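input-v5.csv (CSV, C-alpha atoms and all ligand atoms) appears below.
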chain,number,residue,atom,x,y,z
A,12,MET,CA,-208.1,-44.7,95.0
A,13,PRO,CA,-208.2,-47.3,97.8
A,14,GLY,CA,-205.2,-48.3,99.7
A,15,PRO,CA,-202.5,-48.6,100.8
A,16,TYR,CA,-202.4,-52.4,100.7
A,17,ILE,CA,-200.4,-54.4,103.2
A,18,ILE,CA,-200.2,-57.9,101.9
A,19,GLY,CA,-198.6,-60.8,103.8
A,20,ASN,CA,-197.3,-63.7,101.8
A,21,TRP,CA,-196.6,-66.6,104.2
A,22,LYS,CA,-195.0,-68.7,101.5
A,23,MET,CA,-194.6,-72.4,102.6
A,24,HIS,CA,-194.8,-71.7,106.3
A,25,GLY,CA,-197.2,-72.5,109.1
A,26,THR,CA,-199.2,-75.1,111.0
A,27,ARG,CA,-202.9,-74.7,111.7
A,28,ALA,CA,-202.2,-73.7,115.3
A,29,GLN,CA,-199.7,-71.1,114.1
A,30,ALA,CA,-202.1,-69.7,111.6
A,31,VAL,CA,-204.9,-69.3,114.2
A,32,ALA,CA,-202.6,-67.5,116.6
A,33,LEU,CA,-201.1,-65.2,113.9
A,34,VAL,CA,-204.4,-64.2,112.4
A,35,GLU,CA,-205.9,-63.6,115.8
A,36,ALA,CA,-203.1,-61.3,116.8
A,37,VAL,CA,-203.4,-59.3,113.5
A,38,ALA,CA,-207.2,-59.2,113.7
A,39,LYS,CA,-207.0,-57.8,117.2
A,40,HIS,CA,-204.6,-55.1,116.1
A,41,VAL,CA,-206.3,-53.8,113.1
A,42,ASP,CA,-208.7,-50.9,113.6
A,43,ARG,CA,-211.9,-51.3,111.6
A,44,ARG,CA,-212.0,-47.7,110.6
A,45,LYS,CA,-208.5,-46.6,110.2
A,46,SER,CA,-206.6,-49.6,108.9
A,47,PRO,CA,-205.2,-49.9,105.4
A,48,LYS,CA,-206.3,-52.9,103.4
A,49,VAL,CA,-204.7,-55.9,104.9
A,50,VAL,CA,-204.6,-59.2,102.9
A,51,ILE,CA,-203.2,-62.5,104.3
A,52,CYS,CA,-202.0,-65.1,101.8
A,53,PRO,CA,-201.4,-68.3,103.6
A,54,PRO,CA,-200.6,-71.7,102.0
A,55,PHE,CA,-203.6,-73.5,100.6
A,56,THR,CA,-203.8,-75.8,103.7
A,57,LEU,CA,-204.4,-72.8,106.0
A,58,LEU,CA,-206.9,-70.9,104.0
A,59,ALA,CA,-209.8,-72.1,106.1
A,60,GLN,CA,-208.1,-71.3,109.4
A,61,VAL,CA,-207.2,-67.8,108.3
A,62,LEU,CA,-210.7,-67.2,106.8
A,63,GLU,CA,-212.2,-68.1,110.3
A,64,GLY,CA,-210.1,-65.5,112.0
A,65,LEU,CA,-210.7,-62.6,109.5
A,66,GLU,CA,-212.2,-59.4,110.9
A,67,GLY,CA,-212.7,-55.8,109.8
A,68,PRO,CA,-210.5,-54.8,106.8
A,69,LEU,CA,-208.7,-58.2,106.8
A,70,ARG,CA,-209.0,-60.2,103.5
A,71,LEU,CA,-207.9,-63.6,102.3
A,72,GLY,CA,-205.6,-64.3,99.4
A,73,ALA,CA,-203.8,-67.3,97.9
A,74,GLN,CA,-200.3,-67.6,96.6
A,75,ASP,CA,-200.9,-69.1,93.2
A,76,CYS,CA,-203.7,-70.7,91.0
A,77,HIS,CA,-203.9,-72.9,87.9
A,78,ALA,CA,-204.9,-71.2,84.7
A,79,ALA,CA,-207.7,-73.8,83.9
A,80,GLY,CA,-211.1,-73.7,85.5
A,81,GLU,CA,-211.0,-77.4,86.4
A,82,GLY,CA,-209.7,-80.7,85.1
A,83,ALA,CA,-207.1,-83.4,85.5
A,84,PHE,CA,-204.4,-81.4,87.0
A,85,THR,CA,-203.1,-83.3,90.0
A,86,GLY,CA,-201.9,-81.2,92.8
A,87,ASP,CA,-203.2,-77.9,91.4
A,88,ILE,CA,-205.9,-75.5,92.6
A,89,SER,CA,-208.1,-73.4,90.4
A,90,ALA,CA,-209.1,-69.8,90.8
A,91,ALA,CA,-212.7,-70.8,91.2
A,92,MET,CA,-211.7,-73.1,94.1
A,93,LEU,CA,-209.9,-70.2,95.8
A,94,LYS,CA,-213.0,-68.0,95.4
A,95,ASP,CA,-215.1,-70.8,96.9
A,96,ALA,CA,-212.6,-71.0,99.8
A,97,GLY,CA,-213.2,-67.4,100.6
A,98,CYS,CA,-210.3,-65.7,98.8
A,99,ASP,CA,-210.6,-62.2,97.3
A,100,TYR,CA,-207.0,-62.1,96.0
A,101,VAL,CA,-204.4,-64.4,94.4
A,102,ILE,CA,-200.7,-63.8,93.8
A,103,VAL,CA,-199.5,-64.8,90.4
A,104,GLY,CA,-196.1,-64.6,88.8
A,105,HIS,CA,-194.1,-64.5,92.0
A,106,SER,CA,-190.4,-64.8,91.2
A,107,GLU,CA,-190.3,-68.0,93.2
A,108,ARG,CA,-192.9,-69.5,90.8
A,109,ARG,CA,-191.2,-68.0,87.8
A,110,ALA,CA,-187.7,-69.3,88.8
A,111,GLY,CA,-188.6,-72.4,90.7
A,112,HIS,CA,-191.4,-73.7,88.5
A,113,GLY,CA,-190.4,-72.3,85.2
A,114,GLU,CA,-193.5,-70.1,84.9
A,115,GLY,CA,-193.2,-67.6,82.0
A,116,ASN,CA,-195.2,-64.5,81.1
A,117,ASP,CA,-197.8,-66.4,79.1
A,118,LEU,CA,-198.7,-68.7,81.9
A,119,VAL,CA,-198.7,-65.8,84.4
A,120,ARG,CA,-201.1,-63.9,82.1
A,121,ALA,CA,-203.4,-67.0,81.8
A,122,LYS,CA,-203.4,-67.3,85.6
A,123,ALA,CA,-204.3,-63.6,86.0
A,124,ALA,CA,-207.0,-63.9,83.5
A,125,ALA,CA,-208.4,-67.0,85.3
A,126,ALA,CA,-208.5,-65.1,88.5
A,127,LEU,CA,-210.3,-62.2,86.9
A,128,ASP,CA,-212.9,-64.6,85.4
A,129,VAL,CA,-214.0,-65.7,88.8
A,130,GLY,CA,-213.9,-62.2,90.4
A,131,LEU,CA,-210.6,-62.6,92.2
A,132,THR,CA,-208.1,-59.7,92.2
A,133,PRO,CA,-204.8,-61.0,90.9
A,134,ILE,CA,-201.6,-59.6,92.4
A,135,ILE,CA,-199.2,-59.8,89.4
A,136,CYS,CA,-195.5,-59.8,90.4
A,137,VAL,CA,-192.7,-58.5,88.3
A,138,GLY,CA,-189.0,-57.8,89.1
A,139,GLU,CA,-185.5,-58.2,87.8
A,140,THR,CA,-182.6,-60.4,89.1
A,141,LEU,CA,-179.4,-58.9,90.5
A,142,GLU,CA,-177.6,-59.8,87.3
A,143,GLN,CA,-180.2,-58.0,85.2
A,144,ARG,CA,-180.0,-54.9,87.3
A,145,GLN,CA,-176.2,-54.8,87.3
A,146,SER,CA,-176.1,-55.1,83.6
A,147,GLY,CA,-178.5,-52.2,83.2
A,148,GLN,CA,-181.5,-54.3,82.0
A,149,ALA,CA,-183.9,-53.8,85.0
A,150,ASP,CA,-186.2,-51.4,83.1
A,151,ALA,CA,-186.3,-53.6,80.0
A,152,VAL,CA,-187.0,-56.8,82.0
A,153,VAL,CA,-189.8,-55.3,83.9
A,154,SER,CA,-191.3,-53.7,80.8
A,155,ALA,CA,-191.2,-57.1,79.1
A,156,GLN,CA,-192.8,-58.8,82.1
A,157,LEU,CA,-195.6,-56.2,82.1
A,158,ALA,CA,-196.2,-56.6,78.4
A,159,GLY,CA,-196.4,-60.3,78.7
A,160,SER,CA,-198.1,-60.9,82.0
A,161,LEU,CA,-201.0,-58.5,82.1
A,162,PRO,CA,-204.3,-60.0,81.0
A,163,LYS,CA,-205.5,-58.6,77.7
A,164,GLY,CA,-208.4,-56.1,78.0
A,165,ALA,CA,-208.2,-55.9,81.8
A,166,LYS,CA,-208.7,-52.5,83.4
A,167,ALA,CA,-205.9,-51.2,85.6
A,168,SER,CA,-208.4,-51.1,88.5
A,169,GLN,CA,-209.0,-54.9,88.3
A,170,PHE,CA,-205.6,-56.0,89.4
A,171,LEU,CA,-202.6,-55.1,91.6
A,172,LEU,CA,-199.0,-55.1,90.5
A,173,ALA,CA,-196.1,-55.9,92.8
A,174,TYR,CA,-192.6,-54.8,91.9
A,175,GLU,CA,-190.3,-57.3,93.6
A,176,PRO,CA,-186.7,-57.1,92.7
A,177,VAL,CA,-185.6,-60.7,93.0
A,178,TRP,CA,-182.3,-59.8,94.8
A,179,ALA,CA,-184.3,-58.0,97.5
A,180,ILE,CA,-186.6,-60.9,98.4
A,181,GLY,CA,-185.6,-62.6,101.6
A,182,SER,CA,-182.2,-61.0,101.5
A,183,GLY,CA,-182.8,-58.5,104.3
A,184,LEU,CA,-181.7,-55.8,101.8
A,185,ALA,CA,-184.6,-53.8,100.4
A,186,ALA,CA,-184.1,-51.8,97.2
A,187,THR,CA,-183.2,-48.2,97.8
A,188,ALA,CA,-185.9,-45.5,98.0
A,189,SER,CA,-184.7,-44.0,94.7
A,190,ASP,CA,-184.6,-47.4,92.9
A,191,ILE,CA,-188.2,-48.1,94.1
A,192,ALA,CA,-189.5,-44.7,93.2
A,193,GLU,CA,-187.9,-44.8,89.7
A,194,MET,CA,-189.3,-48.3,88.9
A,195,HIS,CA,-192.7,-47.4,90.2
A,196,ALA,CA,-192.7,-44.3,88.1
A,197,GLN,CA,-191.8,-46.4,85.0
A,198,ILE,CA,-194.5,-48.9,85.8
A,199,GLY,CA,-197.0,-46.1,86.3
A,200,MET,CA,-196.2,-44.8,82.8
A,201,ILE,CA,-196.6,-48.3,81.2
A,202,VAL,CA,-199.8,-49.2,83.1
A,203,PRO,CA,-201.5,-45.8,84.0
A,204,GLY,CA,-203.9,-45.9,86.9
A,205,CYS,CA,-202.6,-49.2,88.3
A,206,ARG,CA,-201.9,-49.7,91.9
A,207,VAL,CA,-198.3,-50.8,92.4
A,208,LEU,CA,-197.0,-52.5,95.6
A,209,TYR,CA,-193.3,-52.9,96.5
A,210,GLY,CA,-192.0,-56.2,97.8
A,211,GLY,CA,-188.6,-57.4,99.0
A,212,SER,CA,-187.3,-57.3,102.6
A,213,VAL,CA,-190.0,-54.9,103.8
A,214,LYS,CA,-189.8,-54.7,107.6
A,215,PRO,CA,-190.9,-52.4,110.4
A,216,GLU,CA,-187.7,-50.4,110.1
A,217,ASN,CA,-188.2,-49.5,106.4
A,218,ALA,CA,-192.0,-49.7,105.9
A,219,ALA,CA,-192.9,-46.1,106.6
A,220,GLU,CA,-190.2,-44.8,104.2
A,221,ILE,CA,-191.2,-47.1,101.4
A,222,LEU,CA,-195.0,-46.5,101.9
A,223,ALA,CA,-194.4,-42.8,101.7
A,224,LEU,CA,-192.7,-43.0,98.3
A,225,PRO,CA,-194.5,-41.6,95.3
A,226,GLY,CA,-196.1,-44.3,93.2
A,227,VAL,CA,-196.1,-46.9,96.0
A,228,ASP,CA,-199.6,-48.1,96.8
A,229,GLY,CA,-198.7,-50.7,99.4
A,230,VAL,CA,-196.2,-53.5,100.2
A,231,LEU,CA,-196.0,-57.2,99.7
A,232,VAL,CA,-194.4,-58.7,102.8
A,233,GLY,CA,-192.8,-62.2,103.1
A,234,GLY,CA,-190.7,-63.0,106.1
A,235,ALA,CA,-192.0,-60.2,108.3
A,236,SER,CA,-195.6,-61.3,107.8
A,237,LEU,CA,-194.9,-64.4,109.8
A,238,LYS,CA,-194.3,-62.5,113.0
A,239,ALA,CA,-197.4,-60.8,114.4
A,240,GLU,CA,-195.5,-58.0,116.0
A,241,GLN,CA,-193.6,-57.2,112.8
A,242,PHE,CA,-196.6,-57.4,110.5
A,243,CYS,CA,-198.6,-55.2,112.9
A,244,ALA,CA,-195.8,-52.6,113.0
A,245,ILE,CA,-195.9,-52.6,109.2
A,246,ILE,CA,-199.7,-52.1,109.2
A,247,ASP,CA,-199.2,-49.2,111.6
A,248,ALA,CA,-196.6,-47.6,109.3
A,249,ALA,CA,-199.3,-47.3,106.6
A,250,ARG,CA,-201.7,-45.2,108.7
B,301,LIG,P1,-189.6,-60.9,101.8
B,301,LIG,O1,-190.5,-61.6,100.7
B,301,LIG,O2,-190.4,-59.9,102.5
B,301,LIG,O3,-189.3,-62.1,102.8
B,301,LIG,O4,-188.3,-60.4,101.2
B,301,LIG,C1,-191.3,-60.8,99.8
B,301,LIG,C2,-192.0,-61.6,98.8
B,301,LIG,O5,-191.4,-62.6,98.3
B,301,LIG,O6,-193.1,-61.4,98.5
Transcribe the structure of this file into structure tokens.
Ligand code: PGA
Amino acid sequence: MPGPYIIGNWKMHGTRAQAVALVEAVAKHVDRRKSPKVVICPPFTLLAQVLEGLEGPLRLGAQDCHAAGEGAFTGDISAAMLKDAGCDYVIVGHSERRAGHGEGNDLVRAKAAAALDVGLTPIICVGETLEQRQSGQADAVVSAQLAGSLPKGAKASQFLLAYEPVWAIGSGLAATASDIAEMHAQIGMIVPGCRVLYGGSVKPENAAEILALPGVDGVLVGGASLKAEQFCAIIDAAR
């Protein structure tokens, strides 16, 4: 099974100049033979700059796509456009899209299916809120998201899953090793053979421990992917 995956989600950050500098620093750092799979997901405006700078095992991803192939959808970007722009991956169902844009499981599944149709690997995100965890619903919420968000008929080898507890994202407080291992084990039972990444406050200080956990096939990194030194240290933790 390939991996681990180290995926950087830049979210809504970066100028062209910053993107060029960041990808150059990461490209210089990765070792063509020994590096894990490293995917950079910049905002749409920076896909071209990042693509230019890719080397060795570095790959390009996007942060979202529309479910339709093309059409009158002002402001949206299709999976086919992302493929044409050089992407191999696309994140779908990130909690910031689910919460901030009202995206439900059906839409996430349609987006993942659209990505598969054009040969992109969707990175399908699931995860519970703090309230859901505290009221003992974390397992049920993640199971329901999996049941609703995975494209019908897709093989587990065609997509990546990312378990991202909402309360751990951007909070500086990652989930505990046992919470991560337990949820990844549950996801592994529901979707056998699938590669499951963890996301939520991954940083150089906790990356090695998280990557060594059973059932963790990589990490999805937000804030720390914007700083070359920190992202490179996380890549090193995967070797
Ligand atoms: P974070 O974000 O690393 O800044 O917590 C992770 C994510 O949202 O993918």
What residues have any atom no more than 10 Å from ligand LIG 301 (chain B) when counting only C-alpha atoms and all ligand atoms, and can you list them as a ChimeraX atom specification? /A:18-22,74,102,105-107,136,173-185,209-214,230-237
Exercise: Leu172 of chain A partners within 6 Å, all atoms listed in the file, chain neighbours under 6 positions left out, as JSON, numbers by chain: {"A": [134, 135, 136, 207]}
Could you jot down the atom CA of Ala83 of chain A to atom CA of Ala96 of chain A separation for me, Å, one decimal place?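 Pair atom CA of Ala83 of chain A / atom CA of Ala96 of chain A returns 19.7 Å.
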Out of A:Leu157, A:Ala151, A:Met23, A:Ala188, which residue has the shortest atom-to-atom distance to Pro53 of chain A when counting all atoms listed in the file?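 Of the candidates, the smallest distance to Pro53 of chain A is held by A:Met23.
Closest approach to Ala223 of chain A from the set A:Met194, A:Gly111, A:Ala239, A:Arg250 is made by A:Arg250, with distances taken over all atoms listed in the file.
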Which residue is closest to Leu131 of chain A? Choose from A:Ala73, A:Val152, A:Ile221, A:Ile88 and count only C-alpha atoms.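 With only C-alpha atoms as the atom set, the closest residue is A:Ala73.
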